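Single-structure report; data block below.
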2 protein chains.
Amino acid sequence: MELFIDPADERGLTVQLYDQVREAILAGRIGPGDRLDSTRRVAAGLRIARSTVAEAYYRLGAEGYIVGRAGGGSVVGPVPAVAPDGPRRTSARLPPVPAVGAIRPYGQQQGQTARYDFRPGSLDPALFPTADWRRCMLPALDHPAGSYGDPAGSPALREELAHWVARSRGVLATAEEVFVTAGAGHAVDLIARALVPPGSVVAVEEPGYPPVVELLHSHGFTVIGVPVDAEGIVVDAIPSQARLVYVTPSHQYPLGMPMSRRRRLELLAWANRAACPIVEDDYDSEFRHTARPLEPLQRLDAEGWVLYVGTFSKSLSPALRLGFLVAPLTVIPALRALRQVIDWNPPQATQSALAAMIRDGHLDRHLRRCRGVYARRRRLLWDGLGATLPAGYTRLPAVAGLHIAVVAPGLGGEPLAHTDVRYSELGRCYAAEPVRDGFLLGFAGIPTALLPEAIKAFSGLLRHSAPELRGQR
Amino acid sequence: MELFIDPADERGLTVQLYDQVREAILAGRIGPGDRLDSTRRVAAGLRIARSTVAEAYYRLGAEGYIVGRAGGGSVVGPVPAVAPDGPRRTSARLPPVPAVGAIRPYGQQQGQTARYDFRPGSLDPALFPTADWRRCMLPALDHPAGSYGDPAGSPALREELAHWVARSRGVLATAEEVFVTAGAGHAVDLIARALVPPGSVVAVEEPGYPPVVELLHSHGFTVIGVPVDAEGIVVDAIPSQARLVYVTPSHQYPLGMPMSRRRRLELLAWANRAACPIVEDDYDSEFRHTARPLEPLQRLDAEGWVLYVGTFSKSLSPALRLGFLVAPLTVIPALRALRQVIDWNPPQATQSALAAMIRDGHLDRHLRRCRGVYARRRRLLWDGLGATLPAGYTRLPAVAGLHIAVVAPGLGGEPLAHTDVRYSELGRCYAAEPVRDGFLLGFAGIPTALLPEAIKAFSGLLRHSAPELRGQR
């Protein structure tokens, strides 16, 4: 056990040692039979006289806290352990700031694994390209940097990301406009801290993506939900004083429709008049399936209002914590300065591995494999829901992505309770009163072979929880 | 190249295609001789009529942008590339918020390697336990989680950290009071966001640790530098309205003295009266060399005001981005809710590897090795400086840590310019007018064999830059 002394402490050295050993015994940190360090070792470690330690030990022995061992040394005696006083500090005196205290944790139910995991954020770990990732990580493990790196990310990874995003999404950027982050949310957070003054009004889609909505709330911003229609966010309804607009134009989260090209140009014109940055979260766009791709907002943006955000949580794994943003060049220095004082730079090894994954074509191959698997799962889920959903429930078509939204007839249903099935609630995506209720069912997390029974389990759950539906199809 | 169309665009499909190809040629994104996809492939990819594509290609050919190839297909014709208009968006319209714009980047001079790197944050990468780290990482790479983890960190790592910090520093905490971060700065940042209201006054030591001072400034706080004396921060001088106090009690950064036990108790009593949290940054405390250890503030804190911060940037590597904080139990939920909406959780693989490094004793062994090496380097640097520093320059004794502070006689020296030597400036550690000038020389970054010449280079630099010293010893 670690012993401390302070030469300036008026209690004196002996009493300090005595107090500490006694307290450790009473608190149960050392127990009967545990061996104490010899007086010589303690004295050497603390650079004090051995006799001082011996004196303390003598007193502890006289009071029965320690006993001598045959052959030398001392052990803790058979003193009954008293309930430790205050080992776990509970302080009601450090309340969180209101904006943080009010965060509604998103229902990811950490650690709660379920047999049928329909939560949109979940990925089937069996699809992860383990061998390729290991091959890319190994060289990175052997050459750790001795100093801090570029807060914007390693040059190699930024270069690969610039090519990657041009190739896969038509986002045009140089490596200098790319900033590596720990995911999409992290990118939005850095943007908010760097560009949006405290107390600002910010606009999000309604319904929207709850983790980002909560994130913006945590900054103390006034978050306004702007309705969406068939073409995406209703630009006319964006508050003119908004200092940030967060949108998911490639396919709206959660409802799935793409923002029309017309609406995109409208939004960009609005941004120019309002002098307001637009965050384009291009989630899941590697997984397009039914429609022709539309140009990203970033591509249409000649004036430099759009900050494009991407993540590898779906294309690789949420366990890696890798994402990025593409920003106008003049924004990068502020992001760099900010990141440096928070956590300096992204982890070196994972950056190196990701750059290799992209450069050597592993990521492309992995995505091709995944698209086939996800297309099958999507088809199974779509058809399965079509066959089993009770009357009144509607599947929403989605042009891309890894979940299907199901709209319930009417509002106000109780959450379904089931130990085997996890899903997300559509109502939770509304900041104001939900206009629609229903479910978000991700299909990336459930192995294909398990899907049919998962769908059965879900529809059984639905039927069971909605008594008025019993007797219907 | 990626082509896009929007069926709702009133320009019509042919014109859209024509525009995009023409623009790509003019911007230089495709160049003379580059092959265009066949009309059939383009039509299939966009799900439009082949004749539409053919029409667009015909018009491009008629205007000379593309030419037919012998054998079929089209290539970009010999059109002189025009300077691309606006490929790199420069937006002066997204200025950073003032608090972020004012961050003074700390002189880590990313990417600038130097032969003699005396910067306190640098580590000699040759000491990194490569084989052990790889052994601990490999199993972690093979089992990536498919969903998000606990924002506070993996249970296994939190458990190991609780034991580790009790064993190595006498910090008493259960795993539930441990929160894994991406370094010490990140821990301070989360604490600030969760517990310190916007616009607050916060107190730091003066001189202090610039990255954290800049971090606190970036939040928009009013940062007050509180003088330190031989026993540490002058508690009487802490502003009563402070909502956070950041201290480095085990050995003050940058001056090196430990906070006396008496002063620690004073600080804790102040915190209790002021109802103010104290952040204890226990940097470099694995590397004690000349004095008996004093109890951490956290250990003396019965009331739950202290948030203890640790990092593995020195004990392992700054490239890993691993740190932690120990907080009263009631603070953990707010930290968790906040972390979840930013970047969900720490990366899974590095957590797993670090837990194994601690559990299997690799970290302890590594630190024992390092202590020996660093003790030798410290002795070399201390003695070397003693032999070569010009008159008037004073070495400050330090009880722990990986740097030596050298105080210059007088103020106002110009920064020394040298391509081979890096160091940190003592003056930079003062928020107000520096009381002392000098240098911080870290010895963890320079291989032992290189130290003698590094010291020569530094003292040569000193002599060269201070003309009034020429002719002195």
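Residues are named by chain letter and number: chains run A, B, ... in the order of the structure tokens, numbers start at 1 in each chain, and ligands are numbered from 1 in the order shown.
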For this session: Identify every residue of chain A that has at least one atom within 6 Å of any atom of chain B, counting only C-alpha atoms, and report the result as an NGL selection string.
Result: :A and (2 or 4 or 46 or 89-91 or 96-97 or 100 or 105 or 110 or 122-125 or 130 or 142 or 145-147 or 149-150 or 185-186 or 194-195 or 197 or 211 or 215 or 292-295 or 304 or 319-321 or 328-330 or 337 or 341-343 or 347-348)
For this session: Return as a PyMOL selection string the full set of residues in region 269-469 of chain A whose backbone-based DSSP assignment is strand (DSSP E).
Result: chain A and resi 278-281+306-311+323-326+394-396+403-407+421-422+424-425+438-442
For this session: Within region 260-361 of chain A, find each residue whose DSSP state, derived from the backbone, is alpha helix (DSSP H), and express the selection as a ChimeraX atom specification.
Result: /A:261-274,297-300,332-343,348-359
Exercise. What separation in Å, quoted to one decimal, exists between CA of Ile233 (chain B) and CA of Leu441 (chain B)?
Worked result: 22.6 Å
For this session: Within 9 Å of Asp37 (chain B), counting only C-alpha atoms, which residues show up once you throw out same-chain ones fewer than 2 positions away? Write them as a PyMOL selection string, please.
Result: chain B and resi 1+35+39-42+73-75
Keeping N, CA, C and O atoms for every residue in the selection just given, could you write it to a file as an mmCIF file, in the first residue's frame?
```
data_model
loop_
_atom_site.group_PDB
_atom_site.id
_atom_site.type_symbol
_atom_site.label_atom_id
_atom_site.label_comp_id
_atom_site.auth_asym_id
_atom_site.auth_seq_id
_atom_site.Cartn_x
_atom_site.Cartn_y
_atom_site.Cartn_z
ATOM 1 N N MET B 1 -16.105 9.461 -63.763
ATOM 2 C CA MET B 1 -16.579 10.583 -62.938
ATOM 3 C C MET B 1 -18.037 10.376 -62.555
ATOM 4 O O MET B 1 -18.788 9.717 -63.254
ATOM 5 N N ARG B 35 -10.961 8.851 -70.768
ATOM 6 C CA ARG B 35 -12.067 8.168 -71.427
ATOM 7 C C ARG B 35 -13.371 8.436 -70.689
ATOM 8 O O ARG B 35 -13.423 8.399 -69.459
ATOM 9 N N THR B 39 -22.194 5.527 -73.410
ATOM 10 C CA THR B 39 -23.561 6.026 -73.230
ATOM 11 C C THR B 39 -24.423 4.950 -72.570
ATOM 12 O O THR B 39 -25.303 5.251 -71.763
ATOM 13 N N ARG B 40 -24.144 3.701 -72.878
ATOM 14 C CA ARG B 40 -24.951 2.634 -72.296
ATOM 15 C C ARG B 40 -24.742 2.539 -70.783
ATOM 16 O O ARG B 40 -25.677 2.410 -70.006
ATOM 17 N N ARG B 41 -23.484 2.663 -70.375
ATOM 18 C CA ARG B 41 -23.179 2.557 -68.941
ATOM 19 C C ARG B 41 -23.757 3.730 -68.177
ATOM 20 O O ARG B 41 -24.342 3.587 -67.107
ATOM 21 N N VAL B 42 -23.597 4.915 -68.751
ATOM 22 C CA VAL B 42 -24.128 6.098 -68.074
ATOM 23 C C VAL B 42 -25.646 5.980 -67.943
ATOM 24 O O VAL B 42 -26.224 6.241 -66.881
ATOM 25 N N GLY B 73 -16.328 4.601 -78.339
ATOM 26 C CA GLY B 73 -16.176 5.344 -77.098
ATOM 27 C C GLY B 73 -15.722 6.761 -77.363
ATOM 28 O O GLY B 73 -15.393 7.149 -78.476
ATOM 29 N N SER B 74 -15.714 7.542 -76.308
ATOM 30 C CA SER B 74 -15.330 8.947 -76.443
ATOM 31 C C SER B 74 -14.269 9.278 -75.406
ATOM 32 O O SER B 74 -14.256 8.723 -74.306
ATOM 33 N N VAL B 75 -13.414 10.190 -75.784
ATOM 34 C CA VAL B 75 -12.424 10.675 -74.833
ATOM 35 C C VAL B 75 -12.491 12.196 -74.824
ATOM 36 O O VAL B 75 -13.030 12.821 -75.738
#
```
For this session: Considering only C-alpha atoms, state which residue in the set A:Ala400, A:Ala175, A:His464, A:Tyr246 is at the smallest distance from Arg288 (chain A).
Result: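 Closest residue, counting only C-alpha atoms: A:Ala400.
Nearest residue to Val245 (chain B), choosing from B:Phe118, B:Glu231, B:Tyr65, B:Val201 and counting only C-alpha atoms: B:Val201.
Around Pro254 (chain B), within 7 Å and counting only C-alpha atoms, the residues found are Pro207, Gly208, Tyr209 and Ala405 of chain B, once anything fewer than 3 positions away on its own chain is removed.
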Problem set entry | Two-atom distance - CA of Thr311 (chain B), CA of Leu325 (chain B) (Å) | 8.6 Å
